[in-house]
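File shown: work_13.pdb. Contents: PDB, C-alpha atoms.
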MODEL        1
ATOM      1  CA  MET A   1      16.480   1.932  52.672  1.00  0.00           C
ATOM      2  CA  GLY A   2      12.987   0.741  53.640  1.00  0.00           C
ATOM      3  CA  PHE A   3       9.930   2.873  52.984  1.00  0.00           C
ATOM      4  CA  GLY A   4       7.553   0.856  55.131  1.00  0.00           C
ATOM      5  CA  ASP A   5       4.117  -0.127  53.951  1.00  0.00           C
ATOM      6  CA  LEU A   6       3.491   1.644  50.614  1.00  0.00           C
ATOM      7  CA  LYS A   7      -0.244   0.995  50.946  1.00  0.00           C
ATOM      8  CA  SER A   8      -0.395   3.324  53.971  1.00  0.00           C
ATOM      9  CA  ALA A   9      -0.219   7.126  53.901  1.00  0.00           C
ATOM     10  CA  ALA A  10       2.869   7.157  56.165  1.00  0.00           C
ATOM     11  CA  GLY A  11       4.800   4.821  53.865  1.00  0.00           C
ATOM     12  CA  LEU A  12       3.906   6.862  50.778  1.00  0.00           C
ATOM     13  CA  ARG A  13       4.981  10.088  52.553  1.00  0.00           C
ATOM     14  CA  VAL A  14       8.427   8.556  53.317  1.00  0.00           C
ATOM     15  CA  LEU A  15       8.807   7.457  49.662  1.00  0.00           C
ATOM     16  CA  ASN A  16       7.662  10.848  48.398  1.00  0.00           C
ATOM     17  CA  ASP A  17      10.181  12.681  50.613  1.00  0.00           C
ATOM     18  CA  PHE A  18      12.951  10.346  49.393  1.00  0.00           C
ATOM     19  CA  LEU A  19      12.122  10.958  45.707  1.00  0.00           C
ATOM     20  CA  ALA A  20      11.620  14.721  46.065  1.00  0.00           C
ATOM     21  CA  ASP A  21      15.291  15.546  45.555  1.00  0.00           C
ATOM     22  CA  ARG A  22      16.036  12.632  43.184  1.00  0.00           C
ATOM     23  CA  SER A  23      14.220  13.648  40.006  1.00  0.00           C
ATOM     24  CA  TYR A  24      14.833  11.501  36.918  1.00  0.00           C
ATOM     25  CA  ILE A  25      14.922  14.689  34.859  1.00  0.00           C
ATOM     26  CA  GLU A  26      17.974  16.144  36.576  1.00  0.00           C
ATOM     27  CA  GLY A  27      19.941  12.944  36.182  1.00  0.00           C
ATOM     28  CA  LEU A  28      23.184  12.496  38.044  1.00  0.00           C
ATOM     29  CA  PRO A  29      23.787  14.589  41.172  1.00  0.00           C
ATOM     30  CA  GLY A  30      26.320  17.348  40.753  1.00  0.00           C
ATOM     31  CA  VAL A  31      26.889  21.058  40.577  1.00  0.00           C
ATOM     32  CA  LYS A  32      24.787  22.959  38.082  1.00  0.00           C
ATOM     33  CA  LYS A  33      26.991  24.714  35.514  1.00  0.00           C
ATOM     34  CA  ALA A  34      26.229  27.491  33.082  1.00  0.00           C
ATOM     35  CA  LEU A  35      24.907  26.470  29.670  1.00  0.00           C
ATOM     36  CA  GLY A  36      28.037  27.888  28.024  1.00  0.00           C
ATOM     37  CA  LYS A  37      30.070  25.129  29.698  1.00  0.00           C
ATOM     38  CA  TYR A  38      28.264  22.460  27.664  1.00  0.00           C
ATOM     39  CA  GLY A  39      27.444  24.241  24.420  1.00  0.00           C
ATOM     40  CA  PRO A  40      28.357  27.419  22.546  1.00  0.00           C
ATOM     41  CA  ALA A  41      29.695  30.132  24.852  1.00  0.00           C
ATOM     42  CA  ASP A  42      27.651  32.905  23.256  1.00  0.00           C
ATOM     43  CA  VAL A  43      24.265  31.294  24.030  1.00  0.00           C
ATOM     44  CA  GLU A  44      22.288  32.889  26.838  1.00  0.00           C
ATOM     45  CA  ASP A  45      21.213  30.484  29.622  1.00  0.00           C
ATOM     46  CA  THR A  46      17.427  30.759  29.899  1.00  0.00           C
ATOM     47  CA  THR A  47      16.791  27.296  31.289  1.00  0.00           C
ATOM     48  CA  GLY A  48      16.209  28.476  34.860  1.00  0.00           C
ATOM     49  CA  ALA A  49      14.592  31.818  34.024  1.00  0.00           C
ATOM     50  CA  ALA A  50      10.910  32.227  34.769  1.00  0.00           C
ATOM     51  CA  THR A  51       8.865  32.874  31.658  1.00  0.00           C
ATOM     52  CA  ASP A  52       6.218  35.519  31.464  1.00  0.00           C
ATOM     53  CA  SER A  53       2.760  34.133  30.745  1.00  0.00           C
ATOM     54  CA  LYS A  54       2.170  36.918  28.205  1.00  0.00           C
ATOM     55  CA  ASP A  55       5.003  35.519  26.034  1.00  0.00           C
ATOM     56  CA  ASP A  56       3.161  32.217  25.713  1.00  0.00           C
ATOM     57  CA  ASP A  57       0.139  33.948  24.253  1.00  0.00           C
ATOM     58  CA  ASP A  58       2.189  35.346  21.370  1.00  0.00           C
ATOM     59  CA  ILE A  59       3.199  31.915  20.107  1.00  0.00           C
ATOM     60  CA  ASP A  60       0.431  30.022  18.329  1.00  0.00           C
ATOM     61  CA  LEU A  61       1.671  26.439  17.958  1.00  0.00           C
ATOM     62  CA  PHE A  62      -1.468  25.112  16.301  1.00  0.00           C
ATOM     63  CA  GLY A  63      -2.163  27.820  13.740  1.00  0.00           C
ATOM     64  CA  SER A  64      -5.266  29.528  15.028  1.00  0.00           C
ATOM     65  CA  ASP A  65      -8.115  30.063  12.577  1.00  0.00           C
ATOM     66  CA  ASP A  66      -8.869  33.494  14.046  1.00  0.00           C
ATOM     67  CA  GLU A  67      -6.230  35.310  12.029  1.00  0.00           C
ATOM     68  CA  GLU A  68      -6.815  36.298   8.435  1.00  0.00           C
ATOM     69  CA  GLU A  69      -4.680  34.564   5.826  1.00  0.00           C
ATOM     70  CA  SER A  70      -2.616  37.066   3.883  1.00  0.00           C
ATOM     71  CA  GLU A  71      -3.581  37.602   0.258  1.00  0.00           C
ATOM     72  CA  GLU A  72      -0.144  36.408  -0.908  1.00  0.00           C
ATOM     73  CA  ALA A  73      -0.321  33.207   1.167  1.00  0.00           C
ATOM     74  CA  LYS A  74      -3.823  32.516  -0.126  1.00  0.00           C
ATOM     75  CA  LYS A  75      -2.699  32.980  -3.738  1.00  0.00           C
ATOM     76  CA  LEU A  76       0.327  30.685  -3.176  1.00  0.00           C
ATOM     77  CA  ARG A  77      -1.859  27.990  -1.616  1.00  0.00           C
ATOM     78  CA  GLU A  78      -4.321  28.166  -4.541  1.00  0.00           C
ATOM     79  CA  GLU A  79      -1.465  27.857  -7.071  1.00  0.00           C
ATOM     80  CA  ARG A  80      -0.029  24.819  -5.303  1.00  0.00           C
ATOM     81  CA  LEU A  81      -3.449  23.146  -5.147  1.00  0.00           C
ATOM     82  CA  ALA A  82      -3.938  23.760  -8.868  1.00  0.00           C
ATOM     83  CA  GLN A  83      -0.470  22.314  -9.625  1.00  0.00           C
ATOM     84  CA  TYR A  84      -1.245  19.251  -7.507  1.00  0.00           C
ATOM     85  CA  GLU A  85      -4.591  18.670  -9.215  1.00  0.00           C
ATOM     86  CA  SER A  86      -3.087  18.992 -12.711  1.00  0.00           C
ATOM     87  CA  LYS A  87      -0.240  16.643 -11.821  1.00  0.00           C
ATOM     88  CA  LYS A  88      -2.697  14.147 -10.366  1.00  0.00           C
ATOM     89  CA  SER A  89      -4.932  14.255 -13.458  1.00  0.00           C
ATOM     90  CA  LYS A  90      -1.985  13.586 -15.815  1.00  0.00           C
ATOM     91  CA  LYS A  91      -1.048  10.383 -14.008  1.00  0.00           C
ATOM     92  CA  PRO A  92      -2.094   7.380 -16.129  1.00  0.00           C
ATOM     93  CA  ALA A  93      -4.796   5.175 -14.678  1.00  0.00           C
ATOM     94  CA  VAL A  94      -3.563   1.804 -13.465  1.00  0.00           C
ATOM     95  CA  VAL A  95      -4.864  -0.983 -15.681  1.00  0.00           C
ATOM     96  CA  ALA A  96      -5.798  -4.081 -13.703  1.00  0.00           C
ATOM     97  CA  LYS A  97      -4.448  -7.195 -15.420  1.00  0.00           C
ATOM     98  CA  SER A  98      -4.557 -10.900 -14.677  1.00  0.00           C
ATOM     99  CA  SER A  99      -2.487 -13.852 -15.754  1.00  0.00           C
ATOM    100  CA  ILE A 100      -4.654 -16.891 -16.468  1.00  0.00           C
ATOM    101  CA  LEU A 101      -3.562 -20.486 -17.081  1.00  0.00           C
ATOM    102  CA  LEU A 102      -6.216 -22.451 -18.968  1.00  0.00           C
ATOM    103  CA  ASP A 103      -6.648 -26.211 -19.336  1.00  0.00           C
ATOM    104  CA  VAL A 104      -8.365 -27.029 -22.632  1.00  0.00           C
ATOM    105  CA  LYS A 105      -9.454 -30.668 -22.860  1.00  0.00           C
ATOM    106  CA  PRO A 106     -10.047 -32.495 -26.162  1.00  0.00           C
ATOM    107  CA  TRP A 107     -12.715 -35.147 -26.838  1.00  0.00           C
ATOM    108  CA  ASP A 108     -10.281 -38.036 -27.206  1.00  0.00           C
ATOM    109  CA  ASP A 109      -6.750 -39.124 -28.145  1.00  0.00           C
ATOM    110  CA  GLU A 110      -7.501 -38.718 -31.868  1.00  0.00           C
ATOM    111  CA  THR A 111      -8.218 -34.969 -31.601  1.00  0.00           C
ATOM    112  CA  ASP A 112      -5.723 -32.899 -33.608  1.00  0.00           C
ATOM    113  CA  MET A 113      -4.083 -30.916 -30.782  1.00  0.00           C
ATOM    114  CA  ALA A 114      -2.223 -28.584 -33.182  1.00  0.00           C
ATOM    115  CA  LYS A 115      -5.563 -27.610 -34.736  1.00  0.00           C
ATOM    116  CA  LEU A 116      -7.112 -27.241 -31.255  1.00  0.00           C
ATOM    117  CA  GLU A 117      -4.354 -24.815 -30.222  1.00  0.00           C
ATOM    118  CA  GLU A 118      -4.705 -22.942 -33.512  1.00  0.00           C
ATOM    119  CA  CYS A 119      -8.443 -22.504 -32.819  1.00  0.00           C
ATOM    120  CA  VAL A 120      -7.811 -21.234 -29.276  1.00  0.00           C
ATOM    121  CA  ARG A 121      -5.142 -18.776 -30.435  1.00  0.00           C
ATOM    122  CA  SER A 122      -7.472 -17.512 -33.171  1.00  0.00           C
ATOM    123  CA  ILE A 123      -9.603 -15.876 -30.468  1.00  0.00           C
ATOM    124  CA  GLN A 124      -8.699 -12.209 -30.556  1.00  0.00           C
ATOM    125  CA  ALA A 125     -10.012  -9.497 -28.231  1.00  0.00           C
ATOM    126  CA  ASP A 126      -8.933  -6.092 -27.028  1.00  0.00           C
ATOM    127  CA  GLY A 127      -7.062  -6.681 -23.770  1.00  0.00           C
ATOM    128  CA  LEU A 128      -6.188 -10.354 -24.499  1.00  0.00           C
ATOM    129  CA  VAL A 129      -2.635 -11.571 -25.155  1.00  0.00           C
ATOM    130  CA  TRP A 130      -1.858 -15.279 -25.616  1.00  0.00           C
ATOM    131  CA  GLY A 131       1.327 -16.649 -24.075  1.00  0.00           C
ATOM    132  CA  SER A 132       3.134 -19.958 -23.979  1.00  0.00           C
ATOM    133  CA  SER A 133       1.453 -23.336 -24.182  1.00  0.00           C
ATOM    134  CA  LYS A 134       2.248 -27.008 -23.705  1.00  0.00           C
ATOM    135  CA  LEU A 135       0.562 -30.384 -24.008  1.00  0.00           C
ATOM    136  CA  VAL A 136       0.101 -32.167 -20.683  1.00  0.00           C
ATOM    137  CA  PRO A 137      -0.696 -35.914 -20.527  1.00  0.00           C
ATOM    138  CA  VAL A 138      -4.037 -36.685 -18.855  1.00  0.00           C
ATOM    139  CA  GLY A 139      -4.194 -40.463 -19.294  1.00  0.00           C
ATOM    140  CA  TYR A 140      -4.906 -43.193 -21.856  1.00  0.00           C
ATOM    141  CA  GLY A 141      -2.879 -41.289 -24.466  1.00  0.00           C
ATOM    142  CA  ILE A 142      -5.020 -38.164 -24.122  1.00  0.00           C
ATOM    143  CA  LYS A 143      -3.251 -34.826 -23.689  1.00  0.00           C
ATOM    144  CA  LYS A 144      -4.770 -31.489 -22.691  1.00  0.00           C
ATOM    145  CA  LEU A 145      -3.633 -28.091 -23.914  1.00  0.00           C
ATOM    146  CA  GLN A 146      -2.340 -25.861 -21.129  1.00  0.00           C
ATOM    147  CA  ILE A 147      -2.138 -22.281 -22.392  1.00  0.00           C
ATOM    148  CA  GLN A 148      -1.230 -19.006 -20.705  1.00  0.00           C
ATOM    149  CA  CYS A 149      -2.862 -15.653 -21.382  1.00  0.00           C
ATOM    150  CA  VAL A 150      -2.802 -12.141 -19.936  1.00  0.00           C
ATOM    151  CA  VAL A 151      -6.048 -10.190 -19.849  1.00  0.00           C
ATOM    152  CA  GLU A 152      -7.130  -6.688 -18.891  1.00  0.00           C
ATOM    153  CA  ASP A 153      -9.752  -7.311 -16.219  1.00  0.00           C
ATOM    154  CA  ASP A 154     -12.139  -4.603 -17.452  1.00  0.00           C
ATOM    155  CA  LYS A 155     -12.155  -5.908 -21.026  1.00  0.00           C
ATOM    156  CA  VAL A 156     -11.859  -9.724 -20.892  1.00  0.00           C
ATOM    157  CA  GLY A 157     -13.358 -12.175 -18.410  1.00  0.00           C
ATOM    158  CA  THR A 158     -13.042 -15.927 -17.898  1.00  0.00           C
ATOM    159  CA  ASP A 159     -16.698 -16.418 -18.870  1.00  0.00           C
ATOM    160  CA  MET A 160     -16.075 -14.858 -22.275  1.00  0.00           C
ATOM    161  CA  LEU A 161     -12.947 -17.000 -22.759  1.00  0.00           C
ATOM    162  CA  GLU A 162     -14.775 -20.203 -21.828  1.00  0.00           C
ATOM    163  CA  GLU A 163     -17.696 -19.375 -24.120  1.00  0.00           C
ATOM    164  CA  ARG A 164     -15.454 -18.631 -27.105  1.00  0.00           C
ATOM    165  CA  ILE A 165     -13.127 -21.635 -26.554  1.00  0.00           C
ATOM    166  CA  THR A 166     -15.887 -24.205 -26.025  1.00  0.00           C
ATOM    167  CA  ALA A 167     -17.540 -22.903 -29.214  1.00  0.00           C
ATOM    168  CA  PHE A 168     -14.991 -25.051 -31.112  1.00  0.00           C
ATOM    169  CA  GLU A 169     -17.156 -28.124 -30.474  1.00  0.00           C
ATOM    170  CA  ASP A 170     -15.285 -30.391 -32.901  1.00  0.00           C
ATOM    171  CA  TYR A 171     -12.059 -30.118 -30.874  1.00  0.00           C
ATOM    172  CA  VAL A 172     -12.852 -28.894 -27.357  1.00  0.00           C
ATOM    173  CA  GLN A 173     -14.719 -30.980 -24.788  1.00  0.00           C
ATOM    174  CA  SER A 174     -14.255 -28.532 -21.875  1.00  0.00           C
ATOM    175  CA  MET A 175     -12.124 -25.741 -20.492  1.00  0.00           C
ATOM    176  CA  ASP A 176     -10.999 -25.050 -16.918  1.00  0.00           C
ATOM    177  CA  VAL A 177      -9.104 -22.214 -15.262  1.00  0.00           C
ATOM    178  CA  ALA A 178      -5.990 -23.869 -13.785  1.00  0.00           C
ATOM    179  CA  ALA A 179      -4.525 -20.679 -12.262  1.00  0.00           C
ATOM    180  CA  PHE A 180      -5.660 -17.075 -11.976  1.00  0.00           C
ATOM    181  CA  ASN A 181      -3.238 -14.404 -10.702  1.00  0.00           C
ATOM    182  CA  LYS A 182      -3.639 -10.631 -10.518  1.00  0.00           C
ATOM    183  CA  ILE A 183      -0.680  -8.767 -11.962  1.00  0.00           C
TER
ENDMDL
END

Would you encode the structure as structure tokens?
Amino acid sequence: MGFGDLKSAAGLRVLNDFLADRSYIEGLPGVKKALGKYGPADVEDTTGAATDSKDDDDIDLFGSDDEEESEEAKKLREERLAQYESKKSKKPAVVAKSSILLDVKPWDDETDMAKLEECVRSIQADGLVWGSSKLVPVGYGIKKLQIQCVVEDDKVGTDMLEERITAFEDYVQSMDVAAFNKI
């Protein structure tokens, strides 16, 4: 079926008349049956009944602020808020931690690497835990110490670690952070 030019008023009127009895809401054409045919038989069919506008005023879908809250409801709400606050306050604070991989470089190939590692591990601080370590070849027979540690971010920083490690001047030439990951 052609509707003509849909940019003109006449064409739109023809289309509108065609669609008037073909609503997408009604679905397939057919004979309207009582609601009991499709669902429970004891349910009253109110789908076609006109509703009274006064009935709509009785239902407050958005919880109007005009009405007073009952004393019991207010007390219940206050109790639940207090329970929520106490539960929230008991929750332990999350401690931010980081995993750091350090490269500690010696002065030369004659540096006692076992003693160097012993010096590094002797650094103790609240929030610092030393992990595994290994010696990694750098070149010309020189090896660097690669050592892992876990720190609490609020208590231990990389600046403090570098300062304390490079304080062992007889063994340590320099220290670098090879990897830094938040846990």

Reference answer for the PyMOL selection byres ((chain A and resi 131) around 7), as a PyMOL selection string: chain A and resi 129-130+132-133+147-149

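Residue neighbourhood of region 102-108 of chain A, excluding near-sequence residues (fewer than 2 positions): Ile100, Glu110, Thr111, Ile142, Lys144, Leu145, Gln146, Ile147, Gln148, Tyr171, Val172, Gln173, Ser174, Met175, Asp176, Val177 and Ala178 of chain A, at 7 Å, using all atoms listed in the file.
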
All residues 7 Å or closer to Lys182 (chain A), all atoms listed in the file, same chain fewer than 6 positions away omitted, as a PyMOL selection string: chain A and resi 97-99

With C-alpha atoms kept, could you save the residues just selected as a PDB file, keeping the file's coordinate frame?
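Contents of part05.pdb, as written:
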ATOM      1  CA  LYS A  97      -4.448  -7.195 -15.420  1.00  0.00           C
ATOM      2  CA  SER A  98      -4.557 -10.900 -14.677  1.00  0.00           C
ATOM      3  CA  SER A  99      -2.487 -13.852 -15.754  1.00  0.00           C
TER       4      SER A  99
END

For CA of Thr166 (chain A) and CA of Val95 (chain A), the interatomic separation in Å (one decimal):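 We find that CA of Thr166 (chain A) and CA of Val95 (chain A) lie 27.7 Å from each other.
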
CA of Leu135 (chain A) to CA of Cys119 (chain A), distance in Å rounded to a single decimal: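 Going from CA of Leu135 (chain A) over to CA of Cys119 (chain A) covers 14.9 Å.
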
Distance of CA of Leu101 (chain A) from CA of Ala179 (chain A), expressed in Å to one decimal place: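 Computing the Euclidean distance for CA of Ala179 (chain A) and CA of Leu101 (chain A) yields 4.9 Å.
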
Top pick for closest residue to Ser122 (chain A), considering A:Arg13, A:Lys7, A:Lys91, A:Arg164 and counting only C-alpha atoms: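 That would be A:Arg164, the residue with the smallest distance to Ser122 (chain A).
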
Contact residues around Phe3 (chain A) with all atoms listed in the file at 9 Å, ignoring same-chain residues under 4 positions, as number ranges by chain: A: 10-15, 18

Set up a box along x, y and z of the file covering all listed atoms of region 81-98 of chain A, add 3 Å on every one of the six sides, and write the centre and edge lengths in Å to one decimal, as lines of an AutoDock Vina configuration file.
center_x = -3.0
center_y = 6.4
center_z = -10.6
size_x = 11.6
size_y = 40.7
size_z = 17.0

Residues selected by the PyMOL selection byres ((chain A and resi 154) around 10), written as a PyMOL selection string: chain A and resi 95-97+127+151-153+155-157
